[in-house]
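J.: Data: run.cif, mmCIF, C-alpha atoms.
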```
data_protein
#
loop_
_atom_site.label_atom_id
_atom_site.label_comp_id
_atom_site.auth_asym_id
_atom_site.auth_seq_id
_atom_site.Cartn_x
_atom_site.Cartn_y
_atom_site.Cartn_z
CA MET A 70 -16.01 69.38 43.12
CA VAL A 71 -16.14 65.61 43.49
CA VAL A 72 -13.03 64.11 45.11
CA PRO A 73 -13.32 60.64 46.61
CA SER A 74 -12.06 60.23 50.17
CA LYS A 75 -11.95 56.43 50.21
CA VAL A 76 -11.03 53.68 47.73
CA PHE A 77 -11.43 49.92 47.89
CA PHE A 78 -10.17 47.18 45.63
CA THR A 79 -12.18 44.18 44.48
CA LYS A 80 -12.16 41.47 41.85
CA GLY A 81 -14.37 38.77 40.42
CA VAL A 82 -14.90 36.12 37.78
CA GLY A 83 -18.13 35.08 36.06
CA VAL A 84 -19.00 32.17 33.76
CA HIS A 85 -22.15 32.00 31.61
CA LYS A 86 -23.30 31.05 28.12
CA ASP A 87 -24.00 34.75 27.42
CA LYS A 88 -21.18 37.29 27.37
CA LEU A 89 -23.13 40.02 29.19
CA ALA A 90 -24.36 37.61 31.85
CA SER A 91 -20.79 36.45 32.54
CA PHE A 92 -19.85 40.12 33.12
CA GLU A 93 -22.80 40.51 35.49
CA LEU A 94 -21.69 37.43 37.43
CA ALA A 95 -18.15 38.83 37.70
CA LEU A 96 -19.60 42.08 39.07
CA ARG A 97 -21.62 40.05 41.60
CA LYS A 98 -18.55 38.12 42.70
CA ALA A 99 -16.80 41.47 43.20
CA GLY A 100 -19.84 42.82 45.11
CA ILE A 101 -20.41 45.81 42.82
CA GLU A 102 -23.29 44.61 40.63
CA LYS A 103 -25.95 46.89 42.13
CA PHE A 104 -24.29 50.18 41.29
CA ASN A 105 -24.22 52.32 38.15
CA LEU A 106 -20.52 52.18 37.43
CA VAL A 107 -18.77 55.06 35.71
CA TYR A 108 -15.25 54.34 34.50
CA VAL A 109 -12.70 57.04 35.20
CA SER A 110 -9.01 57.42 34.43
CA SER A 111 -6.19 56.47 36.70
CA ILE A 112 -5.63 59.08 39.40
CA PHE A 113 -5.61 58.01 43.05
CA PRO A 114 -7.01 61.08 44.87
CA PRO A 115 -4.82 63.05 47.29
CA ASN A 116 -5.49 62.18 50.95
CA ALA A 117 -7.76 59.27 50.04
CA THR A 118 -7.59 56.21 52.28
CA ILE A 119 -7.72 52.58 51.22
CA ILE A 120 -10.51 50.65 52.93
CA SER A 121 -11.70 47.06 52.79
CA PRO A 122 -14.39 46.04 50.30
CA ASP A 123 -16.73 45.21 53.19
CA GLU A 124 -16.32 48.70 54.65
CA GLY A 125 -16.67 50.36 51.24
CA LEU A 126 -19.79 48.44 50.25
CA LYS A 127 -21.50 49.52 53.49
CA LEU A 128 -21.01 53.15 52.45
CA LEU A 129 -22.64 52.73 49.02
CA HIS A 130 -26.33 52.49 48.14
CA THR A 131 -28.11 50.36 45.55
CA GLY A 132 -28.48 52.30 42.28
CA GLU A 133 -25.84 54.87 43.25
CA ILE A 134 -23.56 56.25 40.55
CA VAL A 135 -20.15 54.95 41.57
CA TYR A 136 -16.83 55.87 39.99
CA CYS A 137 -14.22 53.18 39.44
CA VAL A 138 -11.10 52.24 37.55
CA MET A 139 -11.77 48.81 36.07
CA ALA A 140 -9.78 46.25 34.13
CA ARG A 141 -11.95 43.71 32.29
CA ASN A 142 -11.19 40.74 30.08
CA GLU A 143 -13.30 37.96 28.61
CA THR A 144 -13.09 34.87 26.45
CA ASN A 145 -15.17 31.97 25.22
CA GLU A 146 -12.10 30.00 24.10
CA PRO A 147 -11.75 26.78 26.08
CA ASN A 148 -8.76 26.75 28.47
CA ARG A 149 -7.49 30.21 27.43
CA LEU A 150 -5.77 31.93 30.38
CA LEU A 151 -6.99 35.48 30.97
CA THR A 152 -6.30 38.15 33.58
CA SER A 153 -7.37 41.61 34.67
CA ALA A 154 -5.30 43.66 37.09
CA ILE A 155 -5.23 47.06 38.76
CA GLY A 156 -1.89 48.48 39.89
CA LEU A 157 -1.42 51.18 42.53
CA ALA A 158 1.44 53.56 43.30
CA LEU A 159 1.23 56.11 46.12
CA PRO A 160 3.53 59.04 46.78
CA LYS A 161 5.06 59.61 50.22
CA ASP A 162 3.24 62.95 50.45
CA ALA A 163 -0.47 62.11 50.92
CA ASN A 164 -1.35 65.61 49.66
CA GLU A 165 -0.11 64.54 46.21
CA TYR A 166 -2.00 62.24 43.86
CA GLY A 167 -1.06 58.67 43.10
CA TYR A 168 -1.65 56.44 40.10
CA LEU A 169 -3.82 53.47 39.30
CA SER A 170 -3.29 51.39 36.18
CA GLU A 171 -5.41 48.85 34.35
CA HIS A 172 -3.95 45.82 32.62
CA HIS A 173 -5.66 42.87 31.00
CA ALA A 174 -3.99 40.06 29.12
CA TYR A 175 -4.24 36.58 27.67
CA GLY A 176 -1.70 33.89 28.47
CA GLU A 177 -0.24 35.66 31.51
CA THR A 178 -0.38 34.32 35.04
CA ALA A 179 -1.98 36.43 37.78
CA PHE A 180 1.50 37.11 39.17
CA VAL A 181 2.85 38.41 35.86
CA SER A 182 -0.22 40.57 35.12
CA GLY A 183 -0.34 41.94 38.65
CA GLU A 184 3.32 42.86 38.65
CA TYR A 185 2.93 44.48 35.22
CA ALA A 186 0.01 46.62 36.43
CA GLU A 187 1.96 47.63 39.53
CA ASP A 188 4.97 48.51 37.37
CA LEU A 189 2.77 50.68 35.10
CA ALA A 190 1.35 52.64 38.02
CA ALA A 191 4.77 53.11 39.64
CA THR A 192 6.37 54.21 36.38
CA MET A 193 3.64 56.80 35.74
CA LEU A 194 4.06 58.16 39.26
CA ALA A 195 7.87 58.16 39.02
CA THR A 196 7.77 60.25 35.85
CA THR A 197 5.53 62.89 37.49
CA LEU A 198 7.77 63.03 40.57
CA GLY A 199 10.94 63.47 38.51
CA ILE A 200 12.56 60.22 39.63
CA GLU A 201 15.28 59.24 37.21
CA PHE A 202 15.32 55.60 36.13
CA ASP A 203 16.23 53.34 33.25
CA PRO A 204 12.96 52.12 31.67
CA ASP A 205 14.78 49.07 30.29
CA LYS A 206 15.63 47.75 33.77
CA ALA A 207 13.51 44.97 35.24
CA TRP A 208 10.54 46.02 37.41
CA GLN A 209 12.19 44.72 40.61
CA GLU A 210 15.24 46.91 40.01
CA ARG A 211 13.14 49.99 39.21
CA GLU A 212 10.91 49.31 42.23
CA GLN A 213 13.97 49.59 44.47
CA ILE A 214 14.99 52.86 42.79
CA TYR A 215 11.47 54.29 43.18
CA LYS A 216 11.25 53.40 46.86
CA ALA A 217 14.85 54.47 47.57
CA SER A 218 14.00 57.91 46.19
CA GLY A 219 11.85 58.50 49.27
CA LYS A 220 9.10 59.89 47.04
CA ILE A 221 7.08 56.69 46.50
CA ILE A 222 5.83 54.98 49.63
CA LYS A 223 3.67 52.12 48.38
CA THR A 224 3.06 50.00 45.30
CA THR A 225 0.69 47.06 45.07
CA HIS A 226 -1.84 45.38 42.81
CA ILE A 227 -4.99 43.27 42.68
CA CYS A 228 -5.48 40.69 39.94
CA GLN A 229 -8.14 38.22 38.85
CA SER A 230 -7.26 35.32 36.58
CA ALA A 231 -9.23 32.42 35.14
CA GLU A 232 -9.15 29.84 32.38
CA GLY A 233 -11.63 29.70 29.55
CA ASP A 234 -14.53 27.31 30.18
CA ALA A 235 -13.99 23.82 28.71
CA ASP A 236 -17.47 23.93 27.13
CA GLY A 237 -16.99 27.33 25.50
CA LYS A 238 -19.08 29.43 27.91
CA TRP A 239 -18.06 33.06 28.33
CA VAL A 240 -15.63 33.77 31.16
CA THR A 241 -15.18 37.36 32.36
CA VAL A 242 -12.56 38.55 34.84
CA ILE A 243 -12.57 41.99 36.44
CA ALA A 244 -10.43 43.93 38.88
CA ALA A 245 -11.53 47.34 40.13
CA ALA A 246 -10.58 50.28 42.30
CA VAL A 247 -13.90 51.64 43.55
CA PHE A 248 -14.18 55.24 44.76
CA VAL A 249 -16.33 56.26 47.72
CA LEU A 250 -17.33 59.90 48.03
#
```
Go ahead and render the structure in this file as C-alpha cells.
T.:
Amino acid sequence: MVVPSKVFFTKGVGVHKDKLASFELALRKAGIEKFNLVYVSSIFPPNATIISPDEGLKLLHTGEIVYCVMARNETNEPNRLLTSAIGLALPKDANEYGYLSEHHAYGETAFVSGEYAEDLAATMLATTLGIEFDPDKAWQEREQIYKASGKIIKTTHICQSAEGDADGKWVTVIAAAVFVL
C-alpha cells in the first residue's frame, strides 16, 4: 500500500521556442524537473501533512518516481492570458480524505482561476460529507456554509498565471500538489 504522508504545493512558468522545452522550464521553476512524475487523481490522503516545497524537495531523490496532481496550460499566442491552479479542501477529521482539484483556463486572472479550483475541491468534499448547499450560490456564500458545517476545516489554492510571449514563443504554466511517501 502506497499512501503519501506529506504533500507540498509548487508552481512555475516556462518560456521557450519549443513547446516541450517550455514545459521543462516550468518544471524547473517549480523545482520538480528531476523527478519522474506520475499524475494521479484528486484525493488528499488521510493524515497527510502539508509541508513547504523546500522541505519536500529535500525528501525526494533525483530520478525518483513521484506522484502529483498537476494542472498545466500552454500557449504560443502573443499576450494570451493563461492559468493553472490546484485547489485544496480538507475535512475537520484528519482521518478522512480531502480533495484536490485541477483547473486551467485562458482569459482568467490568477485570482479567478485559483478561487475556481478551490471551489471545485470544496464542492467535491462537501458532497462526500453530506453537506447540503445550493450549487447556484456564489463560491463565497458556499464557502461560509461549508466551514459553518464544522466538517470542512480548510480550503486554499495555488495558481500560476502568465501572458503569451509577444514573439510567439511557447509559454507553459503549471501548478502541482506533490506527494512525498
J.: Write out as a list of chain:residue names which residues come within 8 Å of range 164-172 of chain A when counting all atoms listed in the file, dropping same-chain ones fewer than 5 positions away.
T.: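 Returned residues: A:Ser111, A:Ile112, A:Phe113, A:Pro114, A:Pro115, A:Asn116, A:Val138, A:Met139, A:Ala140, A:Ser153, A:Ala154, A:Ile155, A:Gly156, A:Leu157, A:Ala158, A:Leu159, A:Ser182, A:Tyr185, A:Ala186, A:Glu187, A:Leu189, A:Ala190, A:Ala191, A:Met193, A:Leu194.
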J.: Any chance you could resolve the PyMOL selection byres ((chain A and resi 130) around 12) against this file and give the residues as a list in words?
T.: Ile101, Glu102, Lys103, Phe104, Asn105, Gly125, Leu126, Lys127, Leu128, Leu129, Thr131, Gly132, Glu133, Ile134, Val135, Val249 and Leu250 of chain A
J.: For Asp236 in chain A, which residue among A:Pro160, A:Pro147, A:Gly199, A:Gly176 is the nearest when counting only C-alpha atoms?
T.: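 Closest residue, counting only C-alpha atoms: A:Pro147.
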J.: Smallest atom-to-atom distance to Glu146 in chain A: which of A:Glu232, A:Glu124, A:Asp188, A:Glu212, using only C-alpha atoms?
T.: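 Going through A:Glu232, A:Glu124, A:Asp188, A:Glu212 one by one, the smallest distance to Glu146 in chain A is for A:Glu232.
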J.: Any chance you could resolve the PyMOL selection byres ((chain A and resi 202) around 10) against this file and give the residues as an mmCIF file with C-alpha atoms, in the coordinates of the input?
T.:
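And here is the file that came out, out.cif:
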```cif
data_model
loop_
_atom_site.group_PDB
_atom_site.id
_atom_site.type_symbol
_atom_site.label_atom_id
_atom_site.label_comp_id
_atom_site.auth_asym_id
_atom_site.auth_seq_id
_atom_site.Cartn_x
_atom_site.Cartn_y
_atom_site.Cartn_z
ATOM 1 C CA THR A 192 6.370 54.210 36.380
ATOM 2 C CA ALA A 195 7.870 58.160 39.020
ATOM 3 C CA THR A 196 7.770 60.250 35.850
ATOM 4 C CA GLY A 199 10.940 63.470 38.510
ATOM 5 C CA ILE A 200 12.560 60.220 39.630
ATOM 6 C CA GLU A 201 15.280 59.240 37.210
ATOM 7 C CA ASP A 203 16.230 53.340 33.250
ATOM 8 C CA PRO A 204 12.960 52.120 31.670
ATOM 9 C CA ASP A 205 14.780 49.070 30.290
ATOM 10 C CA LYS A 206 15.630 47.750 33.770
ATOM 11 C CA GLU A 210 15.240 46.910 40.010
ATOM 12 C CA ARG A 211 13.140 49.990 39.210
ATOM 13 C CA GLU A 212 10.910 49.310 42.230
ATOM 14 C CA ILE A 214 14.990 52.860 42.790
ATOM 15 C CA TYR A 215 11.470 54.290 43.180
#
```
J.: Would you work out the distance separating CA of Val107 in chain A from CA of Gly183 in chain A, expressed in Å to one decimal?
T.: 22.8 Å
J.: Could you spell out the hits of the PyMOL selection byres ((chain A and resi 145) around 10) on the shown file, as a PDB file with C-alpha atoms, in the coordinates of the input?
T.:
```
ATOM      1  CA  VAL A  84     -19.000  32.170  33.760  1.00  0.00           C
ATOM      2  CA  HIS A  85     -22.150  32.000  31.610  1.00  0.00           C
ATOM      3  CA  LYS A  86     -23.300  31.050  28.120  1.00  0.00           C
ATOM      4  CA  ASP A  87     -24.000  34.750  27.420  1.00  0.00           C
ATOM      5  CA  LYS A  88     -21.180  37.290  27.370  1.00  0.00           C
ATOM      6  CA  GLU A 143     -13.300  37.960  28.610  1.00  0.00           C
ATOM      7  CA  THR A 144     -13.090  34.870  26.450  1.00  0.00           C
ATOM      8  CA  GLU A 146     -12.100  30.000  24.100  1.00  0.00           C
ATOM      9  CA  PRO A 147     -11.750  26.780  26.080  1.00  0.00           C
ATOM     10  CA  ASN A 148      -8.760  26.750  28.470  1.00  0.00           C
ATOM     11  CA  ARG A 149      -7.490  30.210  27.430  1.00  0.00           C
ATOM     12  CA  GLU A 232      -9.150  29.840  32.380  1.00  0.00           C
ATOM     13  CA  GLY A 233     -11.630  29.700  29.550  1.00  0.00           C
ATOM     14  CA  ASP A 234     -14.530  27.310  30.180  1.00  0.00           C
ATOM     15  CA  ALA A 235     -13.990  23.820  28.710  1.00  0.00           C
ATOM     16  CA  ASP A 236     -17.470  23.930  27.130  1.00  0.00           C
ATOM     17  CA  GLY A 237     -16.990  27.330  25.500  1.00  0.00           C
ATOM     18  CA  LYS A 238     -19.080  29.430  27.910  1.00  0.00           C
ATOM     19  CA  TRP A 239     -18.060  33.060  28.330  1.00  0.00           C
ATOM     20  CA  VAL A 240     -15.630  33.770  31.160  1.00  0.00           C
ATOM     21  CA  THR A 241     -15.180  37.360  32.360  1.00  0.00           C
TER      22      THR A 241
END
```
J.: From the list A:Thr118, A:Leu150, A:Leu106, A:Ala207, which residue is nearest Val72 in chain A when using only C-alpha atoms?
T.: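 Among the listed residues, the smallest separation from Val72 in chain A belongs to A:Thr118.
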J.: What separation in Å, quoted to one decimal, exists between CA of Ile243 in chain A and CA of Leu89 in chain A?
T.: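 Computed distance, CA of Ile243 in chain A to CA of Leu89 in chain A, equals 13.0 Å.
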J.: Quick one: pull the distance between CA of Thr178 in chain A and CA of Ala90 in chain A, Å, one decimal.
T.: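 Those two atoms sit 24.4 Å apart.
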J.: Taking all atoms listed in the file into account, which of A:Ser121, A:Thr79, A:Ser230, A:Asn142 comes nearest Ala244 in chain A?
T.: A:Thr79
J.: Counting all atoms listed in the file, which of A:Leu151, A:Ala245, A:Leu198, A:Ala163 gets nearest to Gly81 in chain A?
T.: A:Ala245
J.: Ranking A:Ala99, A:Ala246, A:Val181, A:Ala174 by minimum distance to Trp208 in chain A and counting only C-alpha atoms, which one comes first?
T.: A:Val181
